[in-house]
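Next up, structure21.txt (compact mmCIF, C-alpha atoms):
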# COMPACT_ATOMS: atom_id res chain seq x y z
CA MET A 1 -12.19 21.86 -21.87
CA GLY A 2 -15.72 23.25 -21.47
CA THR A 3 -17.78 24.90 -18.77
CA ALA A 4 -20.61 23.98 -16.43
CA THR A 5 -23.04 26.41 -14.85
CA ILE A 6 -24.17 26.24 -11.22
CA ASN A 7 -27.05 28.39 -9.95
CA LEU A 8 -26.67 29.48 -6.33
CA ASP A 9 -28.98 31.98 -4.62
CA GLY A 10 -30.13 33.29 -7.98
CA ASN A 11 -26.60 33.82 -9.29
CA ALA A 12 -25.03 31.74 -12.08
CA LEU A 13 -21.44 30.60 -11.72
CA GLU A 14 -19.51 29.13 -14.59
CA LEU A 15 -16.93 26.48 -13.69
CA GLU A 16 -14.39 25.04 -16.08
CA THR A 17 -14.51 21.31 -16.78
CA VAL A 18 -11.38 19.18 -16.88
CA GLU A 19 -10.91 15.91 -18.77
CA GLY A 20 -8.13 13.42 -18.19
CA SER A 21 -6.30 11.38 -20.82
CA GLU A 22 -8.61 8.40 -20.20
CA GLY A 23 -11.81 10.46 -20.37
CA GLU A 24 -12.27 11.12 -16.66
CA LYS A 25 -14.27 14.32 -16.15
CA ALA A 26 -14.10 16.84 -13.33
CA LEU A 27 -15.31 20.31 -12.34
CA ASP A 28 -12.66 22.83 -11.36
CA ILE A 29 -14.22 24.37 -8.25
CA LYS A 30 -11.33 26.63 -7.18
CA PRO A 31 -13.38 29.86 -7.67
CA LEU A 32 -16.47 28.48 -5.89
CA ARG A 33 -15.91 29.83 -2.37
CA LYS A 34 -14.37 33.12 -3.47
CA GLN A 35 -17.27 33.97 -5.76
CA THR A 36 -20.22 32.44 -3.87
CA GLY A 37 -19.18 31.80 -0.25
CA TYR A 38 -20.05 28.12 -0.70
CA ILE A 39 -17.74 25.14 -0.31
CA THR A 40 -18.35 21.53 -1.30
CA LEU A 41 -19.04 18.94 1.41
CA ASP A 42 -17.71 15.49 0.53
CA PRO A 43 -16.97 13.26 3.57
CA GLY A 44 -14.18 10.85 2.74
CA TYR A 45 -13.48 12.84 -0.48
CA LEU A 46 -15.27 10.14 -2.47
CA ASN A 47 -16.16 12.57 -5.26
CA THR A 48 -13.29 15.01 -4.87
CA GLY A 49 -10.17 15.01 -7.01
CA SER A 50 -7.23 16.29 -4.99
CA CYS A 51 -4.75 16.47 -7.86
CA LYS A 52 -3.88 15.75 -11.46
CA SER A 53 -1.56 12.77 -11.76
CA ASP A 54 0.16 10.88 -14.57
CA ILE A 55 1.26 7.91 -12.44
CA THR A 56 -1.56 5.37 -12.14
CA PHE A 57 -4.86 4.84 -13.93
CA ILE A 58 -7.71 2.74 -12.54
CA ASN A 59 -11.04 1.91 -14.16
CA GLY A 60 -12.97 0.05 -11.50
CA GLU A 61 -15.90 -0.83 -13.74
CA LYS A 62 -13.69 -2.53 -16.33
CA GLY A 63 -11.11 -3.93 -13.92
CA ILE A 64 -8.19 -1.93 -15.36
CA LEU A 65 -4.99 -0.99 -13.52
CA ARG A 66 -2.02 0.63 -15.30
CA TYR A 67 1.23 2.13 -14.04
CA ARG A 68 2.42 4.99 -16.30
CA GLY A 69 0.20 3.51 -19.03
CA TYR A 70 1.55 -0.06 -18.76
CA PRO A 71 -1.09 -2.74 -17.95
CA ILE A 72 -0.53 -4.44 -14.61
CA GLU A 73 -0.86 -7.83 -16.31
CA GLN A 74 2.19 -7.15 -18.52
CA LEU A 75 4.27 -5.74 -15.69
CA ALA A 76 3.48 -8.65 -13.35
CA GLU A 77 4.37 -11.19 -16.02
CA GLN A 78 7.38 -9.59 -17.69
CA SER A 79 8.88 -7.00 -15.34
CA SER A 80 10.50 -7.03 -11.90
CA PHE A 81 9.77 -5.02 -8.78
CA SER A 82 13.03 -3.11 -9.15
CA GLU A 83 12.14 -2.15 -12.71
CA VAL A 84 8.60 -1.16 -11.69
CA SER A 85 10.09 0.95 -8.89
CA TYR A 86 12.20 2.77 -11.49
CA LEU A 87 9.18 3.17 -13.76
CA LEU A 88 7.08 4.74 -11.01
CA THR A 89 9.74 6.97 -9.44
CA GLU A 90 11.49 8.06 -12.66
CA GLY A 91 8.48 8.10 -15.01
CA LYS A 92 9.79 5.69 -17.64
CA LEU A 93 11.08 2.17 -18.13
CA PRO A 94 14.86 2.04 -17.71
CA THR A 95 17.36 1.20 -20.41
CA LYS A 96 19.66 -1.76 -19.73
CA SER A 97 22.41 0.46 -18.33
CA GLU A 98 19.94 2.48 -16.23
CA ALA A 99 18.43 -0.70 -14.81
CA GLU A 100 21.87 -2.07 -13.92
CA GLU A 101 22.89 1.18 -12.24
CA PHE A 102 19.59 1.31 -10.33
CA GLU A 103 20.01 -2.28 -9.10
CA HIS A 104 23.58 -1.49 -8.09
CA LEU A 105 22.49 1.52 -6.05
CA LEU A 106 19.66 -0.39 -4.35
CA THR A 107 22.16 -3.07 -3.38
CA ARG A 108 24.88 -0.71 -2.13
CA HIS A 109 22.46 1.35 -0.01
CA SER A 110 20.63 -1.54 1.66
CA LEU A 111 22.63 -1.35 4.90
CA VAL A 112 21.35 0.83 7.74
CA HIS A 113 23.58 2.80 10.08
CA GLU A 114 24.83 0.70 13.01
CA ASP A 115 23.56 3.33 15.46
CA LEU A 116 20.08 3.01 13.97
CA LYS A 117 20.11 -0.72 14.75
CA ARG A 118 20.20 0.09 18.47
CA MET A 119 16.82 1.74 18.13
CA PHE A 120 15.20 -1.66 17.56
CA GLN A 121 16.28 -2.78 21.03
CA ALA A 122 14.23 0.02 22.62
CA PHE A 123 10.95 -1.53 21.49
CA PRO A 124 9.19 -4.19 23.60
CA PRO A 125 9.31 -7.74 22.17
CA ASN A 126 5.60 -7.67 21.33
CA ALA A 127 5.74 -4.32 19.50
CA HIS A 128 3.79 -4.40 16.25
CA PRO A 129 6.19 -4.40 13.26
CA MET A 130 4.25 -1.54 11.63
CA ALA A 131 4.92 0.69 14.65
CA ILE A 132 8.62 -0.16 14.42
CA LEU A 133 8.67 0.32 10.65
CA SER A 134 7.10 3.77 10.86
CA SER A 135 9.29 4.89 13.78
CA VAL A 136 12.59 3.76 12.29
CA CYS A 137 11.64 5.09 8.85
CA CYS A 138 11.07 8.55 10.34
CA ALA A 139 14.33 8.21 12.31
CA LEU A 140 16.21 7.98 9.00
CA SER A 141 15.63 11.74 8.82
CA THR A 142 18.09 12.19 11.68
CA PHE A 143 20.90 10.48 9.75
CA TYR A 144 20.56 12.59 6.59
CA GLN A 145 19.63 15.99 8.00
CA ASP A 146 21.68 17.91 5.44
CA GLN A 147 20.28 15.98 2.47
CA TYR A 148 16.50 15.92 2.60
CA ASP A 149 15.43 19.11 0.85
CA PRO A 150 12.34 18.10 -1.20
CA LEU A 151 13.08 20.88 -3.70
CA ASN A 152 16.62 19.69 -4.44
CA PRO A 153 16.49 17.10 -7.29
CA GLU A 154 19.84 15.48 -6.39
CA GLN A 155 18.84 15.07 -2.74
CA VAL A 156 15.46 13.67 -3.77
CA LYS A 157 17.22 11.19 -6.06
CA ILE A 158 19.61 9.81 -3.43
CA ASN A 159 16.89 9.65 -0.77
CA THR A 160 14.63 7.77 -3.18
CA ILE A 161 17.39 5.15 -3.46
CA ARG A 162 17.95 5.12 0.29
CA MET A 163 14.27 4.69 1.00
CA LEU A 164 13.78 1.84 -1.49
CA ALA A 165 16.99 0.11 -0.41
CA LYS A 166 16.70 0.42 3.35
CA LEU A 167 13.02 -0.16 4.07
CA PRO A 168 13.26 -3.95 3.39
CA THR A 169 16.19 -4.11 5.82
CA ILE A 170 14.22 -2.18 8.45
CA ALA A 171 11.20 -4.43 7.89
CA ALA A 172 13.28 -7.60 8.26
CA TYR A 173 14.98 -6.27 11.40
CA SER A 174 11.61 -5.44 12.95
CA TYR A 175 10.59 -9.06 12.38
CA LYS A 176 13.83 -10.47 13.74
CA GLN A 177 13.56 -8.25 16.81
CA SER A 178 10.05 -9.57 17.54
CA MET A 179 11.36 -13.14 17.24
CA GLY A 180 14.37 -12.54 19.46
CA GLN A 181 16.69 -13.53 16.60
CA ALA A 182 19.94 -12.00 15.39
CA PHE A 183 19.75 -9.51 12.52
CA ILE A 184 20.95 -10.70 9.11
CA TYR A 185 22.89 -8.26 6.95
CA PRO A 186 21.69 -7.74 3.36
CA ASP A 187 23.42 -10.13 0.96
CA ASN A 188 24.76 -8.17 -2.02
CA LYS A 189 24.88 -11.29 -4.17
CA LEU A 190 21.09 -11.62 -4.11
CA SER A 191 18.25 -9.79 -5.85
CA TYR A 192 16.01 -7.26 -4.13
CA CYS A 193 13.48 -9.92 -3.08
CA GLY A 194 16.21 -12.50 -2.45
CA ARG A 195 17.87 -10.19 0.07
CA LEU A 196 14.56 -9.60 1.80
CA LEU A 197 13.80 -13.32 2.09
CA LYS A 198 17.23 -14.08 3.52
CA MET A 199 17.01 -11.23 6.04
CA LEU A 200 13.58 -12.50 7.12
CA PHE A 201 14.20 -16.22 7.28
CA GLY A 202 17.96 -16.72 7.33
CA TYR A 203 20.10 -17.50 10.36
CA ARG A 204 23.72 -16.64 11.06
CA THR A 205 24.44 -20.27 11.87
CA GLU A 206 23.54 -21.79 8.51
CA GLN A 207 23.36 -21.22 4.78
CA TYR A 208 20.15 -19.88 3.28
CA GLU A 209 19.09 -20.85 -0.21
CA VAL A 210 16.53 -18.62 -1.92
CA ASP A 211 13.75 -20.63 -3.58
CA GLU A 212 13.31 -19.27 -7.10
CA ASP A 213 9.52 -19.76 -7.17
CA VAL A 214 9.10 -18.12 -3.78
CA GLU A 215 11.29 -15.22 -4.91
CA LYS A 216 9.19 -14.76 -8.05
CA ALA A 217 5.93 -14.90 -6.08
CA LEU A 218 7.15 -12.26 -3.64
CA ASP A 219 8.37 -10.06 -6.50
CA LYS A 220 4.95 -10.33 -8.14
CA LEU A 221 3.18 -9.47 -4.88
CA LEU A 222 5.24 -6.31 -4.51
CA ILE A 223 4.58 -5.28 -8.12
CA LEU A 224 0.83 -5.66 -7.68
CA HIS A 225 0.86 -3.42 -4.60
CA ALA A 226 3.25 -0.79 -5.99
CA ASP A 227 0.65 1.96 -6.49
CA HIS A 228 -3.11 2.35 -6.45
CA GLU A 229 -3.92 5.96 -7.18
CA GLN A 230 -5.17 8.35 -4.45
CA ASN A 231 -5.97 5.93 -1.62
CA CYS A 232 -5.80 6.77 2.09
CA SER A 233 -2.06 6.22 2.62
CA THR A 234 -1.04 7.81 -0.70
CA THR A 235 -3.17 10.87 0.03
CA THR A 236 -1.53 11.02 3.47
CA VAL A 237 1.94 10.98 1.90
CA ARG A 238 0.97 13.76 -0.52
CA ILE A 239 -0.66 15.94 2.16
CA VAL A 240 2.28 15.57 4.55
CA GLY A 241 4.65 16.25 1.66
CA SER A 242 2.67 19.37 0.71
CA SER A 243 4.07 21.02 3.86
CA GLN A 244 7.55 20.33 2.37
CA ALA A 245 8.18 17.62 4.97
CA ASN A 246 11.09 15.42 3.95
CA LEU A 247 10.63 12.08 2.18
CA PHE A 248 11.35 9.94 5.26
CA ALA A 249 8.77 11.75 7.38
CA SER A 250 6.17 11.64 4.61
CA ILE A 251 6.63 7.90 4.02
CA SER A 252 6.48 7.29 7.78
CA ALA A 253 3.07 9.00 7.82
CA GLY A 254 1.94 6.83 4.90
CA ILE A 255 2.96 3.70 6.80
CA CYS A 256 0.82 4.80 9.76
CA ALA A 257 -2.18 5.36 7.46
CA LEU A 258 -1.68 1.95 5.83
CA TRP A 259 -1.62 0.27 9.26
CA GLY A 260 -5.37 0.77 9.69
CA PRO A 261 -7.50 -2.40 9.36
CA LEU A 262 -9.70 -0.73 6.73
CA HIS A 263 -6.68 -0.17 4.50
CA GLY A 264 -3.52 -2.26 4.63
CA GLY A 265 -4.76 -4.52 7.40
CA ALA A 266 -7.42 -6.13 5.19
CA ASN A 267 -5.34 -9.21 4.33
CA GLN A 268 -4.80 -9.82 8.03
CA LYS A 269 -8.57 -9.71 8.49
CA VAL A 270 -8.90 -12.38 5.79
CA LEU A 271 -6.72 -14.79 7.78
CA GLU A 272 -8.63 -14.03 10.99
CA MET A 273 -11.89 -14.80 9.18
CA LEU A 274 -10.49 -18.08 7.83
CA ASP A 275 -9.39 -19.02 11.34
CA THR A 276 -12.91 -18.31 12.65
CA ILE A 277 -14.41 -20.60 10.00
CA HIS A 278 -11.84 -23.31 10.72
CA GLN A 279 -12.48 -23.17 14.47
CA ASP A 280 -16.18 -23.64 13.69
CA GLY A 281 -15.62 -26.94 11.95
CA ASP A 282 -14.81 -25.61 8.45
CA ASP A 283 -18.52 -24.98 7.88
CA ILE A 284 -18.23 -22.97 4.65
CA ASP A 285 -21.95 -23.09 3.87
CA LYS A 286 -22.80 -21.59 7.25
CA TYR A 287 -20.66 -18.51 6.68
CA VAL A 288 -21.71 -18.07 3.06
CA ALA A 289 -25.32 -18.10 4.32
CA LEU A 290 -24.41 -15.49 6.96
CA ALA A 291 -22.90 -13.32 4.23
CA HIS A 292 -26.24 -13.57 2.36
CA ASP A 293 -28.18 -12.55 5.47
CA LYS A 294 -28.56 -8.75 5.62
CA SER A 295 -29.41 -8.94 9.32
CA SER A 296 -26.07 -10.61 10.06
CA ASN A 297 -23.01 -8.58 11.02
CA PHE A 298 -20.76 -11.13 9.36
CA ARG A 299 -19.15 -10.30 6.04
CA LEU A 300 -16.69 -12.27 3.98
CA MET A 301 -13.35 -10.48 4.11
CA GLY A 302 -11.31 -10.41 0.92
CA PHE A 303 -14.30 -10.28 -1.43
CA GLY A 304 -15.32 -7.23 -3.45
CA HIS A 305 -13.46 -3.93 -3.63
CA ARG A 306 -14.36 -0.30 -3.06
CA VAL A 307 -12.89 0.72 -6.43
CA TYR A 308 -13.27 -2.39 -8.57
CA LYS A 309 -16.87 -3.17 -9.50
CA ASN A 310 -15.59 -6.06 -11.57
CA PHE A 311 -12.86 -8.61 -10.87
CA ASP A 312 -9.79 -7.03 -9.24
CA PRO A 313 -7.13 -7.43 -11.98
CA ARG A 314 -4.47 -8.01 -9.34
CA ALA A 315 -6.50 -10.87 -7.87
CA LYS A 316 -6.55 -12.71 -11.20
CA ILE A 317 -2.76 -12.64 -11.31
CA LEU A 318 -2.34 -13.60 -7.66
CA GLY A 319 -4.84 -16.46 -7.93
CA GLU A 320 -2.54 -18.16 -10.42
CA ALA A 321 0.59 -17.36 -8.40
CA CYS A 322 -1.12 -18.75 -5.31
CA GLU A 323 -1.59 -22.14 -6.97
CA THR A 324 2.07 -22.23 -8.04
CA VAL A 325 3.37 -21.38 -4.56
CA LEU A 326 1.11 -23.82 -2.71
CA LYS A 327 2.03 -26.67 -5.05
CA LYS A 328 5.75 -25.90 -4.91
CA LEU A 329 5.91 -25.59 -1.13
CA LYS A 330 3.52 -28.50 -0.55
CA VAL A 331 1.94 -26.57 2.27
CA ASN A 332 -0.58 -28.47 4.37
CA ASP A 333 -2.28 -25.68 6.26
CA PRO A 334 -5.93 -25.97 7.37
CA LEU A 335 -6.55 -22.25 6.85
CA LEU A 336 -5.29 -22.47 3.29
CA ASN A 337 -7.62 -25.40 2.69
CA VAL A 338 -10.52 -23.32 4.03
CA ALA A 339 -9.52 -20.48 1.73
CA ARG A 340 -9.54 -22.69 -1.35
CA LYS A 341 -12.96 -24.13 -0.50
CA LEU A 342 -14.36 -20.68 0.24
CA GLU A 343 -13.03 -19.30 -3.04
CA GLU A 344 -14.58 -22.18 -5.02
CA ARG A 345 -17.90 -21.80 -3.20
CA ALA A 346 -18.10 -18.03 -3.67
CA LEU A 347 -17.16 -18.08 -7.36
CA SER A 348 -20.08 -20.43 -8.07
CA ASP A 349 -22.59 -18.55 -5.92
CA ASP A 350 -25.14 -16.38 -7.78
CA TYR A 351 -25.42 -13.99 -4.82
CA PHE A 352 -21.74 -13.09 -5.10
CA LYS A 353 -21.63 -13.12 -8.90
CA GLN A 354 -24.62 -10.77 -9.22
CA ARG A 355 -22.97 -8.31 -6.84
CA ASN A 356 -19.50 -8.67 -8.37
CA LEU A 357 -18.14 -9.89 -5.04
CA TYR A 358 -15.08 -11.67 -6.36
CA PRO A 359 -11.93 -12.47 -4.38
CA ASN A 360 -9.72 -9.39 -4.25
CA VAL A 361 -5.97 -8.91 -3.89
CA ASP A 362 -6.16 -9.08 -0.08
CA PHE A 363 -7.70 -12.56 -0.20
CA TYR A 364 -4.86 -14.08 -2.19
CA SER A 365 -1.99 -12.04 -0.75
CA GLY A 366 -2.81 -13.18 2.77
CA ILE A 367 -2.84 -16.81 1.64
CA ILE A 368 0.51 -16.49 -0.14
CA TYR A 369 2.17 -14.65 2.75
CA ARG A 370 1.00 -17.36 5.14
CA ALA A 371 2.28 -20.08 2.80
CA LEU A 372 5.67 -18.35 2.68
CA GLY A 373 5.84 -18.44 6.46
CA ILE A 374 5.36 -14.72 6.97
CA PRO A 375 3.48 -14.13 10.26
CA THR A 376 0.14 -12.36 10.21
CA ASN A 377 1.37 -9.20 11.93
CA MET A 378 3.93 -8.76 9.12
CA PHE A 379 1.33 -8.77 6.31
CA THR A 380 0.83 -5.00 6.40
CA VAL A 381 4.59 -4.50 6.51
CA MET A 382 4.89 -6.45 3.26
CA PHE A 383 2.11 -4.28 1.81
CA ALA A 384 4.12 -1.18 2.78
CA LEU A 385 7.23 -2.51 1.05
CA GLY A 386 5.23 -3.01 -2.13
CA ARG A 387 3.51 0.38 -1.95
CA LEU A 388 6.76 2.27 -1.30
CA PRO A 389 7.67 3.18 -4.92
CA GLY A 390 4.14 4.48 -5.49
CA TRP A 391 4.33 6.65 -2.38
CA ILE A 392 7.67 8.04 -3.50
CA ALA A 393 6.38 8.72 -7.01
CA GLN A 394 3.30 10.50 -5.66
CA TRP A 395 5.40 12.55 -3.21
CA LYS A 396 7.78 13.58 -6.00
CA GLU A 397 4.93 14.48 -8.35
CA SER A 398 3.19 16.58 -5.71
CA SER A 399 6.41 18.45 -4.90
CA ALA A 400 7.28 18.98 -8.56
CA HIS A 401 3.84 20.40 -9.33
CA GLY A 402 4.07 22.86 -6.44
CA THR A 403 0.86 21.50 -4.90
CA PRO A 404 -0.53 23.95 -2.29
CA ILE A 405 -0.32 22.78 1.30
CA GLY A 406 -3.25 20.46 2.06
CA ARG A 407 -5.91 22.32 4.00
CA PRO A 408 -9.50 21.02 3.62
CA ARG A 409 -12.44 23.22 4.64
CA GLN A 410 -15.25 22.21 6.99
CA VAL A 411 -18.87 22.97 7.78
CA TYR A 412 -18.96 24.01 11.43
CA THR A 413 -21.85 22.51 13.45
CA GLY A 414 -20.86 23.48 17.00
CA PRO A 415 -22.34 26.04 19.43
CA ASN A 416 -22.81 29.69 18.44
CA THR A 417 -21.03 32.46 20.36
CA ARG A 418 -21.41 32.12 24.13
CA ASP A 419 -19.85 33.86 27.12
CA TYR A 420 -17.33 32.23 29.40
CA VAL A 421 -18.78 31.23 32.77
CA PRO A 422 -16.41 31.35 35.77
CA MET A 423 -15.98 28.01 37.51
CA ALA A 424 -17.66 29.19 40.71
CA LYS A 425 -20.91 29.89 38.77
CA ARG A 426 -21.07 26.64 36.73
Kindly present the structure from the file in structure tokens form.
Amino acid sequence: MGTATINLDGNALELETVEGSEGEKALDIKPLRKQTGYITLDPGYLNTGSCKSDITFINGEKGILRYRGYPIEQLAEQSSFSEVSYLLTEGKLPTKSEAEEFEHLLTRHSLVHEDLKRMFQAFPPNAHPMAILSSVCCALSTFYQDQYDPLNPEQVKINTIRMLAKLPTIAAYSYKQSMGQAFIYPDNKLSYCGRLLKMLFGYRTEQYEVDEDVEKALDKLLILHADHEQNCSTTTVRIVGSSQANLFASISAGICALWGPLHGGANQKVLEMLDTIHQDGDDIDKYVALAHDKSSNFRLMGFGHRVYKNFDPRAKILGEACETVLKKLKVNDPLLNVARKLEERALSDDYFKQRNLYPNVDFYSGIIYRALGIPTNMFTVMFALGRLPGWIAQWKESSAHGTPIGRPRQVYTGPNTRDYVPMAKR
């Protein structure tokens, strides 16, 4: 740890420097306002570190993503979503007995209270599943009012299990409600992803067989979305949690942040773009040319990433999974055909290669979700299910570190002092 000197109004201020375990460098500006009266102005917090964290590491220039030090490539290939959830929320990979106990708890807590099920009937048939997901998630707080103290480790532990176990059930019920179909209870004989698939696509009138390849693809999708450092929704969860709000309320807030089209809704935008191209005669060259044209408002959705200045490591993994799923399901979907042609065209285009505009995780996840039969308005819900263990881990870390309540400063630009004018004189 060293120091850096800032000169303000003729006075020198020494600030300590901080270096992370992967060489990331930061200035500790806590004394800045107290000693100088200045604050930093950083819209969007693009250059501001809000915390120290030992959960996820990203190097956008090199295309690196690691959970607790483990490369995403190894976890996606060798692990399971349940195990990754344990890794993120507990801080280590589980032993065999710990993994079995964790799976058992996730299975036994997957049911939701029967009274909570009535809440779904209060929503209109066309209600967006994300609105339902957020509302019902927050409503869980009312069923465990004596057990959601964020400073009580045992209560945090059981609510972590409840949250991970019940959110897939809530998500599936929100989908079934929108379809006017009967709810399917979680099947305790199935895996985490197997239960979710059956609750989404099963019917009470017939047997449902879980396709092993589909199950693996869904498991991989959830792993790849499990955490992504201090993004919009994760920051929301941490800030809400900094007020000592309970886990259910904090996750509900994260779901609302993820709902935005600039965040979790990006894969939905990819499918909308593909539909636009298809409706225009599948003219790939036309839209690639529009993407080249700086005067055009059109941009290819699902290409490039705000963090990754190289290939998104998650996209590499999903690209291979996408091929497996499409071949196995023998899907003949015109939008998926457009997607494949667009991917091939963009990967061979110098304009995109020079700007590192490669397909990102949203491009492939939208394609896979569509191939699995998941409707477009459920894409962000699936994203939320994947991101859940990361949100929980970040919430727990923030609470454990005693993070001060989130309270950013501002630079006021409004009117100076002025006297009130009675209405009769205005």
Report task. Between CA of Asp9 in chain A and CA of Arg409 in chain A, measure the distance and give it in Å to one decimal. Result ->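 Taking CA of Asp9 in chain A as the start and CA of Arg409 in chain A as the end point, the length is 20.9 Å.
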Report task. List the neighbours of Lys396 in chain A out to 12 Å using all atoms listed in the file; skip same-chain residues closer than 6 positions along the sequence, and give me the result as number ranges by chain. Result -> A: 53-55, 88-91, 149-153, 155-157, 159-160, 234, 237-239, 241-242, 244-247, 250-251, 389-390, 402-403
Requested in this report: Using all atoms listed in the file, determine which residues lie at most 12 Å from Gly23 in chain A, disregarding the query and same-chain residues fewer than 2 positions distant; provide the list as a count of residues only.
Outcome: 11
Closest-contact table, range 118-234 of chain A side, partner range 367-372 of chain A, 10 Å, counting only C-alpha atoms, as JSON lines:
{"residue": "A:Leu197", "atom": "CA", "partner": "A:Leu372", "partner_atom": "CA", "distance": 9.6}
{"residue": "A:Phe201", "atom": "CA", "partner": "A:Leu372", "partner_atom": "CA", "distance": 9.9}
{"residue": "A:Val214", "atom": "CA", "partner": "A:Leu372", "partner_atom": "CA", "distance": 7.3}
{"residue": "A:Glu215", "atom": "CA", "partner": "A:Leu372", "partner_atom": "CA", "distance": 9.9}
{"residue": "A:Ala217", "atom": "CA", "partner": "A:Ile368", "partner_atom": "CA", "distance": 8.2}
{"residue": "A:Leu218", "atom": "CA", "partner": "A:Tyr369", "partner_atom": "CA", "distance": 8.4}
{"residue": "A:Leu221", "atom": "CA", "partner": "A:Ile368", "partner_atom": "CA", "distance": 8.9}
Query raised in the report: Quick one: residues within 9 Å of Ser243 in chain A, all atoms listed in the file counted, chain neighbours fewer than 4 positions away excluded, as a PyMOL selection string?
Result: chain A and resi 239+404-406
Requested in this report: Measure the distance from CA of Asn360 in chain A to CA of Leu196 in chain A in Å and round it to one decimal.
Outcome: 25.0 Å
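As for CA of Glu320 in chain A and CA of Leu65 in chain A, they are spaced 17.6 Å apart.
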Using 10 Å as the limit and counting only C-alpha atoms, can you tabulate each residue of range 306-410 of chain A that touches range 77-86 of chain A, with its shortest atom-to-atom distance in Å and the two atoms involved, as CSV?
residue,atom,partner,partner_atom,distance
A:Ile317,CA,A:Glu77,CA,8.7
A:Gly386,CA,A:Phe81,CA,8.3
A:Arg387,CA,A:Ser85,CA,9.6
A:Leu388,CA,A:Ser85,CA,8.4
A:Pro389,CA,A:Ser85,CA,5.2
A:Gly390,CA,A:Ser85,CA,7.7
A:Ile392,CA,A:Ser85,CA,9.2
A:Ala393,CA,A:Ser85,CA,8.8
Requested in this report: Take the point (-2.6, -11.9, -14.0) as written in the file and pick out every residue within 12 Å of it, counting all atoms listed in the file; give the list as a ChimeraX atom specification.
Outcome: /A:63-65,71-78,220-221,223-224,311-322,361
Query raised in the report: Between A:Pro422, A:Gly254, A:Pro31, A:Gly264, which is the closest to Ile6 in chain A once you count only C-alpha atoms?
Result: A:Pro31
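Among the candidate residues A:Tyr148, A:Tyr420, A:Tyr45, A:Phe123, the one lying nearest to Ala249 in chain A is A:Tyr148, with distances computed using all atoms listed in the file.
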Requested in this report: For Val338 in chain A, please output as a ChimeraX atom specification all residues within 7 Å (counting all atoms listed in the file; exclusion window: fewer than 4 positions along the same chain).
Outcome: /A:274,278,282,334,342
